[in-house]
Amino acid sequence: LMSLLVHEYGHALTALYYGAEPTVSLEAFGGKAYYDNRGMSPWQEFLITLNGPLLESLLILISYSLLKSGVFAGHAYIEFFLSVTLRVNILWCLLNLIPVTPLDGGHLLRYLLEKKWGDKGHKISLMIGLMTSAAIAPYLYFKGLYFFGTLLLILGFQNFQMLRYKRFSPNENPFKTYIQGMEALENNDLEKGKKLLKKLLKSKGHITSVGDEGG
(Lines give C-alpha, C1' and ligand atoms only; values in the text may rest on other atoms or scores of the structure.)
Protein backbone atom coordinates (compact mmCIF):
# COMPACT_ATOMS: atom_id res chain seq x y z
CA LEU A 1 0.00 0.00 0.00
CA MET A 2 2.80 2.41 0.89
CA SER A 3 4.58 1.64 -2.39
CA LEU A 4 1.42 2.27 -4.42
CA LEU A 5 0.74 5.58 -2.69
CA VAL A 6 4.32 6.81 -3.15
CA HIS A 7 4.22 5.79 -6.80
CA GLU A 8 0.89 7.48 -7.56
CA TYR A 9 1.88 10.61 -5.65
CA GLY A 10 4.91 10.80 -7.93
CA HIS A 11 2.46 11.21 -10.80
CA ALA A 12 0.06 13.43 -8.86
CA LEU A 13 2.63 15.89 -7.48
CA THR A 14 4.15 16.38 -10.94
CA ALA A 15 0.68 16.98 -12.41
CA LEU A 16 0.03 19.47 -9.59
CA TYR A 17 3.27 21.26 -10.45
CA TYR A 18 2.00 21.70 -14.02
CA GLY A 19 -1.26 23.25 -12.84
CA ALA A 20 -3.61 20.27 -12.74
CA GLU A 21 -5.77 19.20 -9.79
CA PRO A 22 -4.97 15.49 -9.49
CA THR A 23 -6.73 12.83 -7.44
CA VAL A 24 -5.29 9.46 -6.46
CA SER A 25 -7.32 6.26 -6.47
CA LEU A 26 -6.24 2.78 -5.33
CA GLU A 27 -7.67 -0.07 -7.40
CA ALA A 28 -7.66 -3.87 -7.40
CA PHE A 29 -4.24 -4.39 -9.00
CA GLY A 30 -2.65 -1.02 -8.39
CA GLY A 31 -3.62 2.63 -8.46
CA LYS A 32 -4.32 5.56 -10.72
CA ALA A 33 -3.60 9.28 -10.60
CA TYR A 34 -6.34 11.20 -12.39
CA TYR A 35 -5.81 14.70 -13.73
CA ASP A 36 -6.99 16.96 -16.52
CA ASN A 37 -4.26 17.03 -19.17
CA ARG A 38 -5.80 19.74 -21.33
CA GLY A 39 -3.16 22.31 -22.23
CA MET A 40 -0.27 20.04 -21.29
CA SER A 41 2.53 19.28 -23.70
CA PRO A 42 3.56 15.68 -24.54
CA TRP A 43 6.84 16.36 -22.68
CA GLN A 44 4.95 17.35 -19.52
CA GLU A 45 2.82 14.19 -19.73
CA PHE A 46 5.99 12.16 -20.25
CA LEU A 47 7.50 13.62 -17.06
CA ILE A 48 4.27 13.05 -15.09
CA THR A 49 4.37 9.38 -16.09
CA LEU A 50 8.11 9.01 -15.46
CA ASN A 51 8.05 10.56 -11.98
CA GLY A 52 5.88 7.79 -10.56
CA PRO A 53 8.63 5.14 -10.84
CA LEU A 54 11.28 7.73 -9.98
CA LEU A 55 9.66 8.66 -6.66
CA GLU A 56 9.07 5.00 -5.86
CA SER A 57 12.77 4.34 -6.50
CA LEU A 58 13.48 6.53 -3.46
CA LEU A 59 11.98 3.76 -1.32
CA ILE A 60 14.47 1.37 -2.89
CA LEU A 61 17.35 3.74 -2.17
CA ILE A 62 16.27 4.46 1.42
CA SER A 63 15.65 0.83 2.37
CA TYR A 64 18.91 -0.31 0.73
CA SER A 65 20.91 2.44 2.48
CA LEU A 66 19.44 1.60 5.89
CA LEU A 67 20.15 -2.10 5.44
CA LYS A 68 23.68 -1.43 4.22
CA SER A 69 24.48 0.98 7.03
CA GLY A 70 23.64 -1.59 9.70
CA VAL A 71 21.90 1.04 11.82
CA PHE A 72 19.14 -1.47 12.61
CA ALA A 73 21.44 -4.47 13.06
CA GLY A 74 19.96 -6.84 15.62
CA HIS A 75 16.43 -5.52 15.11
CA ALA A 76 15.06 -8.50 13.17
CA TYR A 77 11.58 -7.12 12.50
CA ILE A 78 12.86 -3.79 11.17
CA GLU A 79 15.47 -5.52 8.99
CA PHE A 80 12.79 -7.87 7.66
CA PHE A 81 10.50 -4.90 6.86
CA LEU A 82 13.31 -3.06 5.05
CA SER A 83 14.25 -6.20 3.13
CA VAL A 84 10.66 -6.78 1.99
CA THR A 85 10.30 -3.09 1.08
CA LEU A 86 13.47 -3.28 -1.00
CA ARG A 87 12.48 -6.42 -2.89
CA VAL A 88 8.83 -5.50 -3.48
CA ASN A 89 9.68 -2.04 -4.83
CA ILE A 90 12.45 -3.33 -7.11
CA LEU A 91 10.06 -5.93 -8.54
CA TRP A 92 7.16 -3.48 -8.87
CA CYS A 93 9.33 -0.78 -10.46
CA LEU A 94 10.76 -3.20 -13.01
CA LEU A 95 7.32 -4.61 -13.82
CA ASN A 96 5.77 -1.16 -14.15
CA LEU A 97 8.45 -0.07 -16.62
CA ILE A 98 7.72 -2.97 -18.98
CA PRO A 99 6.49 -1.35 -22.24
CA VAL A 100 2.92 -2.69 -22.05
CA THR A 101 -0.10 -0.35 -21.87
CA PRO A 102 -1.46 0.67 -19.34
CA LEU A 103 1.77 0.29 -17.35
CA ASP A 104 3.97 3.37 -17.12
CA GLY A 105 6.49 1.79 -19.48
CA GLY A 106 3.77 1.42 -22.10
CA HIS A 107 2.73 5.06 -21.74
CA LEU A 108 6.34 6.28 -21.93
CA LEU A 109 6.94 4.26 -25.09
CA ARG A 110 3.72 5.56 -26.63
CA TYR A 111 4.66 9.20 -25.94
CA LEU A 112 8.04 8.69 -27.64
CA LEU A 113 6.66 6.86 -30.68
CA GLU A 114 3.67 9.18 -31.12
CA LYS A 115 6.02 12.15 -31.15
CA LYS A 116 7.82 10.62 -34.14
CA TRP A 117 5.01 8.85 -36.03
CA GLY A 118 1.70 10.15 -34.63
CA ASP A 119 -1.14 7.60 -34.42
CA LYS A 120 1.04 5.04 -36.21
CA GLY A 121 3.43 5.31 -33.26
CA HIS A 122 0.58 4.38 -30.90
CA LYS A 123 -0.12 1.26 -32.95
CA ILE A 124 3.56 0.33 -32.90
CA SER A 125 3.64 0.73 -29.10
CA LEU A 126 0.66 -1.65 -28.81
CA MET A 127 2.43 -4.20 -31.02
CA ILE A 128 5.56 -3.94 -28.87
CA GLY A 129 3.41 -4.31 -25.73
CA LEU A 130 1.77 -7.44 -27.12
CA MET A 131 5.09 -9.06 -28.06
CA THR A 132 6.72 -8.04 -24.78
CA SER A 133 3.96 -9.52 -22.63
CA ALA A 134 4.08 -12.76 -24.66
CA ALA A 135 7.85 -12.95 -24.11
CA ILE A 136 8.06 -12.00 -20.42
CA ALA A 137 4.95 -13.68 -18.95
CA PRO A 138 6.33 -17.25 -19.40
CA TYR A 139 9.56 -16.19 -17.68
CA LEU A 140 7.59 -14.83 -14.71
CA TYR A 141 5.68 -18.11 -14.47
CA PHE A 142 8.97 -20.02 -14.61
CA LYS A 143 10.27 -17.92 -11.70
CA GLY A 144 7.14 -18.65 -9.70
CA LEU A 145 5.74 -15.11 -10.00
CA TYR A 146 2.31 -16.35 -11.03
CA PHE A 147 0.38 -13.21 -10.08
CA PHE A 148 2.63 -10.91 -12.11
CA GLY A 149 2.72 -13.36 -15.02
CA THR A 150 -1.07 -13.55 -15.11
CA LEU A 151 -1.38 -9.78 -14.81
CA LEU A 152 1.00 -9.29 -17.73
CA LEU A 153 -0.97 -11.75 -19.87
CA ILE A 154 -4.20 -9.85 -19.13
CA LEU A 155 -2.57 -6.54 -20.08
CA GLY A 156 -1.10 -8.11 -23.21
CA PHE A 157 -4.58 -9.25 -24.23
CA GLN A 158 -5.86 -5.70 -23.69
CA ASN A 159 -3.09 -4.45 -25.99
CA PHE A 160 -4.19 -7.02 -28.58
CA GLN A 161 -7.81 -5.83 -28.34
CA MET A 162 -6.86 -2.16 -28.65
CA LEU A 163 -4.61 -2.90 -31.62
CA ARG A 164 -7.28 -5.01 -33.28
CA TYR A 165 -9.96 -2.34 -33.07
CA LYS A 166 -7.55 0.37 -34.17
CA ARG A 167 -6.65 -1.61 -37.28
CA PHE A 168 -9.88 -3.36 -38.22
CA SER A 169 -12.80 -1.20 -37.02
CA PRO A 170 -13.21 1.65 -39.49
CA ASN A 171 -16.95 2.00 -38.81
CA GLU A 172 -18.58 3.21 -35.62
CA ASN A 173 -19.40 0.36 -33.24
CA PRO A 174 -19.69 -0.17 -29.47
CA PHE A 175 -16.32 -1.87 -29.20
CA LYS A 176 -14.51 0.97 -30.92
CA THR A 177 -16.32 3.54 -28.79
CA TYR A 178 -15.36 1.62 -25.64
CA ILE A 179 -11.69 1.43 -26.67
CA GLN A 180 -11.62 5.16 -27.52
CA GLY A 181 -13.21 5.97 -24.17
CA MET A 182 -10.71 3.86 -22.23
CA GLU A 183 -7.81 5.39 -24.16
CA ALA A 184 -9.09 8.88 -23.31
CA LEU A 185 -9.28 7.98 -19.60
CA GLU A 186 -5.77 6.47 -19.72
CA ASN A 187 -4.55 9.73 -21.26
CA ASN A 188 -6.35 11.63 -18.46
CA ASP A 189 -8.70 13.29 -20.96
CA LEU A 190 -11.60 12.86 -18.57
CA GLU A 191 -14.06 14.99 -20.51
CA LYS A 192 -13.63 13.02 -23.74
CA GLY A 193 -13.65 9.71 -21.88
CA LYS A 194 -16.91 10.44 -20.07
CA LYS A 195 -18.51 11.69 -23.28
CA LEU A 196 -17.60 8.54 -25.22
CA LEU A 197 -18.65 6.15 -22.45
CA LYS A 198 -21.97 7.99 -22.02
CA LYS A 199 -22.46 7.65 -25.77
CA LEU A 200 -21.76 3.94 -25.44
CA LEU A 201 -24.34 3.52 -22.67
CA LYS A 202 -26.98 5.27 -24.78
CA SER A 203 -26.26 3.17 -27.87
CA LYS A 204 -28.26 0.06 -28.73
CA GLY A 205 -25.13 -2.07 -28.99
CA HIS A 206 -23.66 -3.88 -26.05
CA ILE A 207 -20.25 -5.10 -24.97
CA THR A 208 -19.94 -8.82 -24.35
CA SER A 209 -16.59 -8.77 -22.56
CA VAL A 210 -14.35 -6.14 -21.07
CA GLY A 211 -11.04 -6.18 -19.17
CA ASP A 212 -10.10 -4.33 -16.01
CA GLU A 213 -6.86 -2.34 -15.94
CA GLY A 214 -3.92 -3.13 -13.77
CA GLY A 215 -2.31 -0.01 -12.21
# chains A, B, ... in the order shown; residues from 1 in each chain; ligands from 1
>>> select_by_dssp(residues="stretch 100-173 of chain A", states="alpha helix (DSSP H)", output="PyMOL selection string")
chain A and resi 104-117+119-142+146-168
>>> residues_around(residues="stretch 23-40 of chain A", least_positions_apart="3", cutoff="9 Å", atoms="only C-alpha atoms", output="list in words")
Leu1, Leu4, Leu5, His7, Glu8, Tyr9, His11, Ala12, Ala15, Leu16, Tyr18, Ala20, Trp43, Gln44, Glu45, Leu151, Leu185, Glu186, Asn187, Asn188, Asp189, Leu190, Glu191, Asp212, Glu213, Gly214 and Gly215 of chain A
>>> atom_distance(atom1="atom CA of A:Ala184", atom2="atom CA of A:Asn96")
20.1 Å
>>> select_by_dssp(residues="chain A", states="strand (DSSP E or B)", output="ChimeraX atom specification")
/A:23-27,30-34
>>> residues_around(residues="A:Leu55", least_positions_apart="3", cutoff="12 Å", atoms="only C-alpha atoms", output="VMD selection string")
chain A and resid 2 to 14 47 to 52 58 to 62 89 93
>>> atom_distance(atom1="atom CA of A:Gly121", atom2="atom CA of A:Ile90")
29.0 Å
>>> closest_residue(among="A:Leu163, A:Leu145, A:Ile98, A:Leu91", to="A:Ile124", atoms="only C-alpha atoms")
A:Leu163
>>> atom_distance(atom1="atom CA of A:Glu21", atom2="atom CA of A:Leu109")
24.9 Å
>>> closest_residue(among="A:Val88, A:Ala137, A:Met127, A:Leu54", to="A:Gly106", atoms="only C-alpha atoms")
A:Met127
